[in-house]
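K.L.:
upload.cif is the file, holding mmCIF, C-alpha atoms:
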```cif
data_input
#
loop_
_atom_site.group_PDB
_atom_site.id
_atom_site.type_symbol
_atom_site.label_atom_id
_atom_site.label_comp_id
_atom_site.auth_asym_id
_atom_site.auth_seq_id
_atom_site.Cartn_x
_atom_site.Cartn_y
_atom_site.Cartn_z
ATOM 1 C CA MET A 1246 70.316 -8.768 -29.100
ATOM 2 C CA SER A 1247 66.558 -9.238 -29.053
ATOM 3 C CA GLU A 1248 65.145 -12.726 -28.565
ATOM 4 C CA PHE A 1249 62.903 -12.484 -31.591
ATOM 5 C CA THR A 1250 65.487 -11.434 -34.211
ATOM 6 C CA ALA A 1251 64.640 -14.654 -36.082
ATOM 7 C CA CYS A 1252 61.488 -12.859 -37.208
ATOM 8 C CA GLU A 1253 63.133 -9.899 -38.828
ATOM 9 C CA GLY A 1254 60.675 -7.999 -40.932
ATOM 10 C CA LEU A 1255 57.831 -8.263 -38.425
ATOM 11 C CA GLY A 1256 56.598 -4.885 -37.270
ATOM 12 C CA VAL A 1257 56.212 -4.402 -33.521
ATOM 13 C CA ALA A 1258 54.080 -1.659 -31.996
ATOM 14 C CA VAL A 1259 54.214 -0.767 -28.308
ATOM 15 C CA LEU A 1260 50.902 0.690 -27.115
ATOM 16 C CA LEU A 1261 50.846 2.803 -23.964
ATOM 17 C CA PRO A 1262 47.426 4.206 -22.967
ATOM 18 C CA CYS A 1263 47.888 6.715 -20.173
ATOM 19 C CA ARG A 1264 46.360 9.671 -18.399
ATOM 20 C CA ASN A 1265 48.161 12.233 -16.219
ATOM 21 C CA GLN A 1266 51.389 10.232 -16.127
ATOM 22 C CA ALA A 1267 53.879 12.930 -17.017
ATOM 23 C CA ALA A 1268 56.114 11.885 -14.128
ATOM 24 C CA THR A 1269 56.680 8.389 -15.510
ATOM 25 C CA ILE A 1270 55.908 8.313 -19.233
ATOM 26 C CA GLU A 1271 59.298 9.600 -20.429
ATOM 27 C CA ASN A 1272 61.218 6.863 -18.610
ATOM 28 C CA VAL A 1273 58.703 4.248 -19.763
ATOM 29 C CA VAL A 1274 59.062 5.257 -23.419
ATOM 30 C CA ARG A 1275 62.855 5.362 -23.197
ATOM 31 C CA GLY A 1276 62.835 1.941 -21.543
ATOM 32 C CA PHE A 1277 60.821 0.376 -24.343
ATOM 33 C CA ARG A 1278 62.926 2.209 -26.913
ATOM 34 C CA GLU A 1279 66.022 0.594 -25.459
ATOM 35 C CA ALA A 1280 64.442 -2.847 -25.065
ATOM 36 C CA LEU A 1281 62.875 -2.874 -28.553
ATOM 37 C CA PRO A 1282 64.980 -0.581 -30.788
ATOM 38 C CA ASP A 1283 63.032 -1.368 -33.961
ATOM 39 C CA ALA A 1284 59.565 -1.061 -32.447
ATOM 40 C CA ARG A 1285 57.235 1.867 -32.938
ATOM 41 C CA ILE A 1286 56.033 3.298 -29.646
ATOM 42 C CA TYR A 1287 52.620 4.934 -29.369
ATOM 43 C CA VAL A 1288 51.212 6.818 -26.413
ATOM 44 C CA PHE A 1289 47.470 7.382 -26.278
ATOM 45 C CA ASP A 1290 46.888 10.478 -24.171
ATOM 46 C CA GLU A 1291 43.458 10.169 -22.570
ATOM 47 C CA ASN A 1292 42.830 13.906 -22.113
ATOM 48 C CA SER A 1293 45.603 14.407 -19.586
ATOM 49 C CA SER A 1294 45.603 17.653 -17.659
ATOM 50 C CA ASP A 1295 49.371 17.535 -17.154
ATOM 51 C CA ASP A 1296 52.405 17.379 -19.458
ATOM 52 C CA THR A 1297 52.038 13.723 -20.473
ATOM 53 C CA ALA A 1298 51.874 14.291 -24.240
ATOM 54 C CA ARG A 1299 54.923 16.577 -24.361
ATOM 55 C CA GLN A 1300 57.012 14.252 -22.216
ATOM 56 C CA ALA A 1301 56.065 11.314 -24.438
ATOM 57 C CA ARG A 1302 57.052 13.177 -27.606
ATOM 58 C CA LYS A 1303 60.278 14.277 -25.949
ATOM 59 C CA ALA A 1304 61.161 10.615 -25.392
ATOM 60 C CA GLY A 1305 60.431 9.765 -29.032
ATOM 61 C CA ALA A 1306 56.921 8.295 -28.881
ATOM 62 C CA ARG A 1307 54.142 9.014 -31.334
ATOM 63 C CA VAL A 1308 51.231 10.548 -29.467
ATOM 64 C CA LEU A 1309 47.551 9.966 -30.172
ATOM 65 C CA ARG A 1310 44.883 11.928 -28.348
ATOM 66 C CA GLY A 1311 41.437 10.952 -27.181
ATOM 67 C CA PRO A 1312 38.322 12.980 -28.032
ATOM 68 C CA SER A 1313 38.191 16.249 -26.131
ATOM 69 C CA HIS A 1314 34.506 15.747 -25.308
ATOM 70 C CA ALA A 1315 35.179 12.564 -23.304
ATOM 71 C CA PRO A 1316 35.715 13.762 -19.716
ATOM 72 C CA ASN A 1317 35.931 10.330 -18.088
ATOM 73 C CA HIS A 1318 38.924 8.063 -17.879
ATOM 74 C CA ALA A 1319 38.070 5.245 -20.294
ATOM 75 C CA PRO A 1320 41.083 2.974 -20.897
ATOM 76 C CA ASN A 1321 38.989 0.462 -22.813
ATOM 77 C CA GLN A 1322 38.150 3.120 -25.405
ATOM 78 C CA ALA A 1323 41.824 4.059 -25.656
ATOM 79 C CA VAL A 1324 42.855 0.458 -26.284
ATOM 80 C CA TRP A 1325 40.234 -0.052 -28.972
ATOM 81 C CA ARG A 1326 41.213 3.209 -30.684
ATOM 82 C CA MET A 1327 44.876 2.167 -30.769
ATOM 83 C CA PHE A 1328 43.966 -1.260 -32.108
ATOM 84 C CA ALA A 1329 41.875 0.335 -34.862
ATOM 85 C CA ASP A 1330 44.367 3.011 -35.945
ATOM 86 C CA ILE A 1331 47.745 1.272 -35.678
ATOM 87 C CA ASP A 1332 49.033 -1.409 -38.041
ATOM 88 C CA ALA A 1333 51.651 -3.920 -36.905
ATOM 89 C CA ASP A 1334 52.353 -7.637 -36.895
ATOM 90 C CA ILE A 1335 52.848 -7.824 -33.129
ATOM 91 C CA TYR A 1336 51.322 -5.520 -30.525
ATOM 92 C CA LEU A 1337 52.721 -5.043 -27.044
ATOM 93 C CA LEU A 1338 50.193 -3.492 -24.671
ATOM 94 C CA ALA A 1339 51.582 -1.966 -21.476
ATOM 95 C CA ALA A 1340 50.816 0.682 -18.864
ATOM 96 C CA GLY A 1341 52.371 4.114 -18.835
ATOM 97 C CA ASP A 1342 52.756 4.314 -15.067
ATOM 98 C CA GLY A 1343 56.009 2.372 -14.889
ATOM 99 C CA SER A 1344 54.497 -0.848 -13.498
ATOM 100 C CA CYS A 1345 55.430 -2.811 -16.650
ATOM 101 C CA ASP A 1346 59.152 -3.535 -16.928
ATOM 102 C CA PRO A 1347 60.352 -2.866 -20.516
ATOM 103 C CA THR A 1348 63.081 -5.505 -20.146
ATOM 104 C CA ASP A 1349 60.345 -8.166 -20.142
ATOM 105 C CA ALA A 1350 59.036 -7.070 -23.540
ATOM 106 C CA SER A 1351 61.246 -9.374 -25.609
ATOM 107 C CA SER A 1352 60.277 -12.356 -23.433
ATOM 108 C CA LEU A 1353 56.578 -11.726 -24.061
ATOM 109 C CA ILE A 1354 57.111 -11.400 -27.812
ATOM 110 C CA ASN A 1355 59.344 -14.468 -27.915
ATOM 111 C CA ALA A 1356 56.646 -16.472 -26.107
ATOM 112 C CA LEU A 1357 54.027 -15.258 -28.602
ATOM 113 C CA LEU A 1358 56.132 -16.561 -31.484
ATOM 114 C CA THR A 1359 57.510 -19.779 -30.057
ATOM 115 C CA GLU A 1360 54.326 -20.936 -28.298
ATOM 116 C CA ARG A 1361 52.235 -20.285 -31.429
ATOM 117 C CA VAL A 1362 49.536 -18.403 -29.504
ATOM 118 C CA ASP A 1363 47.662 -15.183 -30.201
ATOM 119 C CA MET A 1364 47.987 -13.615 -26.757
ATOM 120 C CA VAL A 1365 50.595 -13.821 -24.008
ATOM 121 C CA VAL A 1366 49.722 -12.333 -20.614
ATOM 122 C CA GLY A 1367 52.597 -11.167 -18.435
ATOM 123 C CA THR A 1368 51.754 -12.037 -14.838
ATOM 124 C CA SER A 1369 53.517 -10.570 -11.853
ATOM 125 C CA ALA A 1370 52.798 -9.735 -8.234
ATOM 126 C CA THR A 1371 54.012 -6.198 -8.840
ATOM 127 C CA LEU A 1372 52.126 -5.331 -12.022
ATOM 128 C CA GLY A 1373 49.152 -3.073 -11.584
ATOM 129 C CA GLY A 1374 45.943 -5.023 -11.913
ATOM 130 C CA CYS A 1375 47.362 -8.534 -11.859
ATOM 131 C CA ASP A 1376 48.329 -9.212 -8.259
ATOM 132 C CA ALA A 1377 48.254 -12.898 -7.427
ATOM 133 C CA ASP A 1378 46.611 -12.140 -4.094
ATOM 134 C CA ASP A 1379 44.138 -9.793 -5.740
ATOM 135 C CA LEU A 1380 42.820 -12.746 -7.723
ATOM 136 C CA ARG A 1381 42.035 -14.582 -4.524
ATOM 137 C CA HIS A 1382 39.996 -11.572 -3.374
ATOM 138 C CA GLY A 1383 37.449 -12.026 -6.142
ATOM 139 C CA ALA A 1384 38.635 -11.870 -9.747
ATOM 140 C CA GLY A 1385 40.187 -15.318 -9.801
ATOM 141 C CA SER A 1386 37.237 -16.992 -8.128
ATOM 142 C CA VAL A 1387 34.749 -15.231 -10.418
ATOM 143 C CA PHE A 1388 36.544 -16.318 -13.581
ATOM 144 C CA ASP A 1389 37.114 -19.799 -12.174
ATOM 145 C CA LEU A 1390 33.353 -20.000 -11.644
ATOM 146 C CA TYR A 1391 32.778 -18.909 -15.239
ATOM 147 C CA ARG A 1392 35.182 -21.565 -16.535
ATOM 148 C CA ARG A 1393 33.629 -24.233 -14.332
ATOM 149 C CA PHE A 1394 30.169 -23.617 -15.761
ATOM 150 C CA PHE A 1395 31.082 -23.056 -19.403
ATOM 151 C CA GLY A 1396 34.459 -24.747 -19.819
ATOM 152 C CA THR A 1397 36.030 -21.843 -21.701
ATOM 153 C CA GLY A 1398 39.506 -20.420 -21.551
ATOM 154 C CA LEU A 1399 38.637 -17.120 -19.911
ATOM 155 C CA SER A 1400 41.825 -16.129 -18.120
ATOM 156 C CA ALA A 1401 41.707 -14.958 -14.529
ATOM 157 C CA ARG A 1402 44.874 -12.986 -15.115
ATOM 158 C CA SER A 1403 44.051 -9.300 -15.258
ATOM 159 C CA SER A 1404 47.439 -7.844 -16.188
ATOM 160 C CA ILE A 1405 47.425 -5.232 -18.929
ATOM 161 C CA TYR A 1406 50.967 -6.248 -19.967
ATOM 162 C CA ARG A 1407 50.337 -8.410 -23.030
ATOM 163 C CA ALA A 1408 51.759 -9.398 -26.397
ATOM 164 C CA LEU A 1409 49.101 -9.809 -29.092
ATOM 165 C CA SER A 1410 49.026 -11.041 -32.675
ATOM 166 C CA ARG A 1411 47.697 -8.919 -35.513
ATOM 167 C CA ARG A 1412 44.741 -11.175 -36.244
ATOM 168 C CA PHE A 1413 43.720 -11.109 -32.587
ATOM 169 C CA VAL A 1414 43.876 -7.312 -32.470
ATOM 170 C CA LYS A 1415 42.122 -6.677 -35.763
ATOM 171 C CA SER A 1416 39.197 -8.914 -34.808
ATOM 172 C CA PHE A 1417 38.803 -7.150 -31.457
ATOM 173 C CA PRO A 1418 35.323 -5.563 -31.403
ATOM 174 C CA PRO A 1419 34.283 -2.149 -30.101
ATOM 175 C CA VAL A 1420 34.427 -2.333 -26.344
ATOM 176 C CA SER A 1421 31.569 -3.021 -23.970
ATOM 177 C CA GLU A 1422 30.798 -0.409 -21.368
ATOM 178 C CA GLY A 1423 31.681 -1.392 -17.832
ATOM 179 C CA LEU A 1424 34.443 -3.904 -18.627
ATOM 180 C CA SER A 1425 38.169 -3.267 -18.254
ATOM 181 C CA PRO A 1426 40.520 -3.761 -21.234
ATOM 182 C CA GLN A 1427 41.993 -6.804 -19.489
ATOM 183 C CA THR A 1428 38.583 -8.455 -19.130
ATOM 184 C CA GLU A 1429 37.624 -7.533 -22.697
ATOM 185 C CA LEU A 1430 40.800 -9.100 -24.095
ATOM 186 C CA SER A 1431 40.402 -12.278 -22.064
ATOM 187 C CA LEU A 1432 36.750 -12.531 -23.064
ATOM 188 C CA HIS A 1433 37.654 -12.017 -26.726
ATOM 189 C CA ALA A 1434 40.191 -14.868 -26.549
ATOM 190 C CA SER A 1435 37.641 -17.081 -24.820
ATOM 191 C CA GLU A 1436 34.956 -16.446 -27.429
ATOM 192 C CA LEU A 1437 37.327 -17.114 -30.336
ATOM 193 C CA MET A 1438 38.743 -20.165 -28.526
ATOM 194 C CA VAL A 1439 42.288 -19.128 -29.417
ATOM 195 C CA PRO A 1440 45.317 -20.355 -27.459
ATOM 196 C CA VAL A 1441 46.578 -18.017 -24.738
ATOM 197 C CA ALA A 1442 49.857 -18.287 -22.812
ATOM 198 C CA SER A 1443 50.736 -16.870 -19.416
ATOM 199 C CA LEU A 1444 54.310 -15.786 -18.680
ATOM 200 C CA SER A 1445 55.475 -15.217 -15.113
ATOM 201 C CA LEU A 1446 57.681 -12.133 -15.086
ATOM 202 C CA ASP A 1447 58.926 -12.431 -11.517
ATOM 203 C CA GLY A 1448 58.641 -14.699 -8.554
ATOM 204 C CA GLY A 1449 57.435 -12.095 -6.087
ATOM 205 C CA GLN A 1450 54.258 -12.204 -4.080
ATOM 206 C CA ASN A 1451 52.037 -9.389 -3.018
ATOM 207 C CA THR A 1452 51.758 -9.580 0.754
ATOM 208 C CA SER A 1453 49.534 -6.564 1.211
ATOM 209 C CA GLU A 1454 46.219 -7.173 2.902
ATOM 210 C CA ARG A 1455 42.961 -5.471 2.104
ATOM 211 C CA LYS A 1456 40.846 -3.905 4.792
ATOM 212 C CA PRO A 1457 37.460 -5.599 5.347
ATOM 213 C CA ALA A 1458 35.596 -2.677 3.749
ATOM 214 C CA GLU A 1459 37.889 -2.838 0.721
ATOM 215 C CA ASN A 1460 37.278 -6.581 0.442
ATOM 216 C CA VAL A 1461 33.526 -6.000 0.382
ATOM 217 C CA ARG A 1462 33.784 -3.299 -2.290
ATOM 218 C CA HIS A 1463 36.149 -5.435 -4.348
ATOM 219 C CA ALA A 1464 33.862 -8.467 -4.087
ATOM 220 C CA MET A 1465 30.844 -6.400 -5.141
ATOM 221 C CA GLY A 1466 32.808 -5.046 -8.079
ATOM 222 C CA GLU A 1467 33.789 -8.554 -9.149
ATOM 223 C CA VAL A 1468 30.186 -9.759 -8.928
ATOM 224 C CA ALA A 1469 29.147 -6.822 -11.122
ATOM 225 C CA THR A 1470 31.922 -7.727 -13.567
ATOM 226 C CA PHE A 1471 30.790 -11.346 -13.616
ATOM 227 C CA LEU A 1472 27.195 -10.328 -14.379
ATOM 228 C CA ARG A 1473 28.404 -8.015 -17.132
ATOM 229 C CA VAL A 1474 30.562 -10.787 -18.620
ATOM 230 C CA MET A 1475 27.553 -13.108 -18.498
ATOM 231 C CA GLN A 1476 25.386 -10.510 -20.232
ATOM 232 C CA VAL A 1477 27.918 -10.182 -23.049
ATOM 233 C CA ALA A 1478 29.105 -13.794 -23.357
ATOM 234 C CA ARG A 1479 26.263 -15.960 -21.985
ATOM 235 C CA PRO A 1480 23.004 -13.969 -22.070
ATOM 236 C CA LEU A 1481 20.690 -16.990 -22.344
ATOM 237 C CA PRO A 1482 21.798 -18.666 -19.079
ATOM 238 C CA LEU A 1483 21.750 -15.301 -17.286
ATOM 239 C CA PHE A 1484 18.266 -14.263 -18.374
ATOM 240 C CA GLY A 1485 17.079 -17.868 -18.271
ATOM 241 C CA VAL A 1486 17.963 -18.160 -14.585
ATOM 242 C CA ALA A 1487 16.305 -14.793 -13.926
ATOM 243 C CA GLY A 1488 13.181 -16.009 -15.738
ATOM 244 C CA LEU A 1489 13.220 -19.272 -13.770
ATOM 245 C CA LEU A 1490 13.408 -17.413 -10.466
ATOM 246 C CA LEU A 1491 10.580 -15.104 -11.489
ATOM 247 C CA GLY A 1492 8.487 -18.077 -12.560
ATOM 248 C CA LEU A 1493 9.137 -19.791 -9.240
ATOM 249 C CA PHE A 1494 8.149 -16.610 -7.417
ATOM 250 C CA GLY A 1495 4.943 -16.452 -9.456
ATOM 251 C CA PHE A 1496 4.117 -20.047 -8.549
ATOM 252 C CA LEU A 1497 4.726 -19.396 -4.845
ATOM 253 C CA ALA A 1498 2.628 -16.223 -5.016
ATOM 254 C CA ALA A 1499 -0.295 -18.243 -6.364
ATOM 255 C CA LEU A 1500 -0.210 -20.839 -3.568
ATOM 256 C CA PRO A 1501 -1.998 -18.736 -0.894
ATOM 257 C CA ALA A 1502 -5.030 -18.449 -3.181
ATOM 258 C CA LEU A 1503 -5.515 -22.201 -2.891
ATOM 259 C CA PHE A 1504 -6.049 -21.946 0.875
ATOM 260 C CA ASP A 1505 -7.498 -18.465 1.382
ATOM 261 C CA GLY A 1506 -10.249 -17.235 -0.899
ATOM 262 C CA ASP A 1507 -9.726 -13.649 0.173
ATOM 263 C CA SER A 1508 -6.211 -13.741 -1.316
ATOM 264 C CA VAL A 1509 -7.306 -14.878 -4.745
ATOM 265 C CA GLN A 1510 -7.278 -11.476 -6.448
ATOM 266 C CA ALA A 1511 -4.040 -10.170 -4.914
ATOM 267 C CA GLY A 1512 -2.268 -13.480 -5.423
ATOM 268 C CA ALA A 1513 -3.478 -13.748 -9.019
ATOM 269 C CA VAL A 1514 -2.205 -10.264 -9.887
ATOM 270 C CA LEU A 1515 1.182 -10.851 -8.276
ATOM 271 C CA SER A 1516 1.531 -14.302 -9.818
ATOM 272 C CA ALA A 1517 0.512 -13.123 -13.288
ATOM 273 C CA SER A 1518 2.970 -10.206 -13.119
ATOM 274 C CA ALA A 1519 5.807 -12.542 -12.146
ATOM 275 C CA PHE A 1520 5.010 -14.950 -14.996
ATOM 276 C CA VAL A 1521 4.891 -12.065 -17.492
ATOM 277 C CA LEU A 1522 8.275 -10.811 -16.301
ATOM 278 C CA ALA A 1523 9.638 -14.365 -16.520
ATOM 279 C CA GLY A 1524 8.500 -14.581 -20.140
ATOM 280 C CA ILE A 1525 10.053 -11.212 -20.944
ATOM 281 C CA SER A 1526 13.338 -12.254 -19.321
ATOM 282 C CA LEU A 1527 13.488 -15.498 -21.282
ATOM 283 C CA SER A 1528 12.638 -13.679 -24.521
ATOM 284 C CA CYS A 1529 15.434 -11.166 -23.904
ATOM 285 C CA GLY A 1530 17.850 -14.041 -23.297
ATOM 286 C CA LEU A 1531 16.876 -15.754 -26.565
ATOM 287 C CA ILE A 1532 17.195 -12.534 -28.585
ATOM 288 C CA LEU A 1533 20.548 -11.578 -27.058
ATOM 289 C CA GLU A 1534 21.866 -15.128 -27.543
ATOM 290 C CA SER A 1535 20.946 -14.979 -31.223
ATOM 291 C CA LEU A 1536 22.714 -11.631 -31.590
ATOM 292 C CA ARG A 1537 25.751 -12.951 -29.704
ATOM 293 C CA ARG A 1538 26.111 -15.939 -32.031
ATOM 294 C CA SER A 1539 25.834 -13.730 -35.108
ATOM 295 C CA ARG A 1540 28.424 -11.333 -33.687
ATOM 296 C CA LEU A 1541 30.723 -14.220 -32.770
ATOM 297 C CA GLU A 1542 30.499 -15.687 -36.261
ATOM 298 C CA GLN A 1543 31.509 -12.340 -37.751
ATOM 299 C CA LYS A 1544 34.463 -12.065 -35.361
ATOM 300 C CA ARG A 1545 35.681 -15.545 -36.247
ATOM 301 C CA ILE A 1546 35.467 -14.833 -39.972
ATOM 302 C CA LEU A 1547 37.439 -11.617 -39.475
ATOM 303 C CA PHE A 1548 39.982 -13.413 -37.282
ATOM 304 C CA LEU A 1549 40.572 -16.107 -39.907
ATOM 305 C CA SER A 1550 40.848 -13.546 -42.710
ATOM 306 C CA VAL A 1551 44.046 -12.093 -41.211
ATOM 307 C CA PRO A 1552 47.224 -14.163 -41.805
ATOM 308 C CA ALA A 1553 48.784 -15.799 -38.761
ATOM 309 C CA LEU A 1554 52.327 -15.042 -37.610
ATOM 310 C CA PRO A 1555 55.009 -17.067 -39.427
ATOM 311 C CA ILE A 1556 55.923 -20.426 -37.932
ATOM 312 C CA GLN A 1557 59.256 -20.406 -36.106
#
```
Show me this structure written as structure tokens.

P.N.:
Amino acid sequence: MSEFTACEGLGVAVLLPCRNQAATIENVVRGFREALPDARIYVFDENSSDDTARQARKAGARVLRGPSHAPNHAPNQAVWRMFADIDADIYLLAAGDGSCDPTDASSLINALLTERVDMVVGTSATLGGCDADDLRHGAGSVFDLYRRFFGTGLSARSSIYRALSRRFVKSFPPVSEGLSPQTELSLHASELMVPVASLSLDGGQNTSERKPAENVRHAMGEVATFLRVMQVARPLPLFGVAGLLLGLFGFLAALPALFDGDSVQAGAVLSASAFVLAGISLSCGLILESLRRSRLEQKRILFLSVPALPIQ
């Protein structure tokens, strides 16, 4: 018997975005069908070149397809499309590659209901994208840095395996380019300041080690992610710091003119250019911050307009 039978009448939707996963999708769908008999299972086929859609239908899933003109693998677009098109009280987001164990589904949903939160993240050393050691190679430290500066609840957990409430899903905005679905969801929870729970699905540890070159690439990717998160969530500090650095550079560029008359013209041009760029950067930060606050207010109004899950 399912752990959340006390909430009979609540609709559960299992969302499985996937691409070229014909080898695994049938077993994944059957696993969730067995674990959650009353749930509706949806597979979003992101323009697979193999037999993914047919295998999903064979297992009993409802298949949605991405736009044929989108050649690139864009899981964030798939997630937003599923959120927009599918109605349910509880959403379970998982991967179609078999890395998410269907037997853990009821535990995630039970935690969502009993903990009175709007998102539960399933963490595991074996889930794709949420390795505990992976977090120490960049993602965890980047998000810890974000939390340290701004004191928000941005989760460092990057697992795609999540249980979500309806009001959380329906207030989820169109995705930002360059951010993964996991980062988008964590950022959305942080901006709304909603409670988020983390559920450990196993006690294993990932003992694999990255090669030095992989560590460098991963670190660079995490820095890029951090800058993108800052642009979306904290544009004023980001552009303000950039403007401050440009202003400092302009001041330093003007110093030689005080001691060498021949450098007056060159120093003045360089200094003036730096100060102009500093002003532009600060102006961009102020404009983007104003737009962010307006967008955040709209998201909060939409979030509050959707009824919460019943109290258990």

K.L.:
Neighbours of Thr1348 (chain A) within 9 Å (all atoms listed in the file; same-chain residues fewer than 3 positions away dropped), as a list in words?

P.N.:
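Once the nearby chain positions are removed, what remains is Gly1276, Phe1277, Glu1279, Ala1280, Leu1281, Cys1345, Ser1351 and Ser1352 of chain A.
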
K.L.:
Could you spell out the hits of the PyMOL selection byres ((chain A and resi 1519) around 9) on the shown file, as a PyMOL selection string?

P.N.:
chain A and resi 1488+1491-1496+1498+1514-1518+1520-1524

K.L.:
Just say which residues the PyMOL selection byres ((chain A and resi 1406) around 12) picks in this file, as number ranges by chain.

P.N.:
A: 1259-1262, 1336-1347, 1349-1350, 1352-1354, 1364-1369, 1371-1375, 1402-1405, 1407-1409, 1426-1427, 1430, 1443-1446

K.L.:
One decimal, in Å: what's the spacing between CA of Glu1467 (chain A) and CA of Ser1425 (chain A)?

P.N.:
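Value for the CA of Glu1467 (chain A)-CA of Ser1425 (chain A) distance: 11.4 Å.
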
K.L.:
Give me the result of the PyMOL selection byres ((chain A and resi 1550-1555) around 10) on this file, residue by residue, as a ChimeraX atom specification.

P.N.:
/A:1252,1255,1334-1335,1357-1358,1361-1363,1410-1416,1544-1549,1556-1557

K.L.:
CA of Phe1471 (chain A) and CA of Leu1424 (chain A), how far apart in Å?

P.N.:
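For CA of Leu1424 (chain A) relative to CA of Phe1471 (chain A), the distance reads 9.7 Å.
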
K.L.:
Could you check the closest approach to Thr1297 (chain A) for each of A:Ala1469, A:Ala1284, A:Ala1267, A:Ala1499 and tell me which residue wins, using all atoms listed in the file?

P.N.:
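For Thr1297 (chain A), the nearest of the candidates is A:Ala1267.
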
K.L.:
Calculate how many Å separate CA of Ala1478 (chain A) from CA of Cys1263 (chain A), rounding to one decimal.

P.N.:
28.0 Å

K.L.:
Using all atoms listed in the file, which of the listed residues (A:Gly1311, A:Ser1526, A:Leu1541, A:Ala1301) sits closest to Ala1434 (chain A)?

P.N.:
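Looking only at the distances to Ala1434 (chain A), the closest residue turns out to be A:Leu1541.
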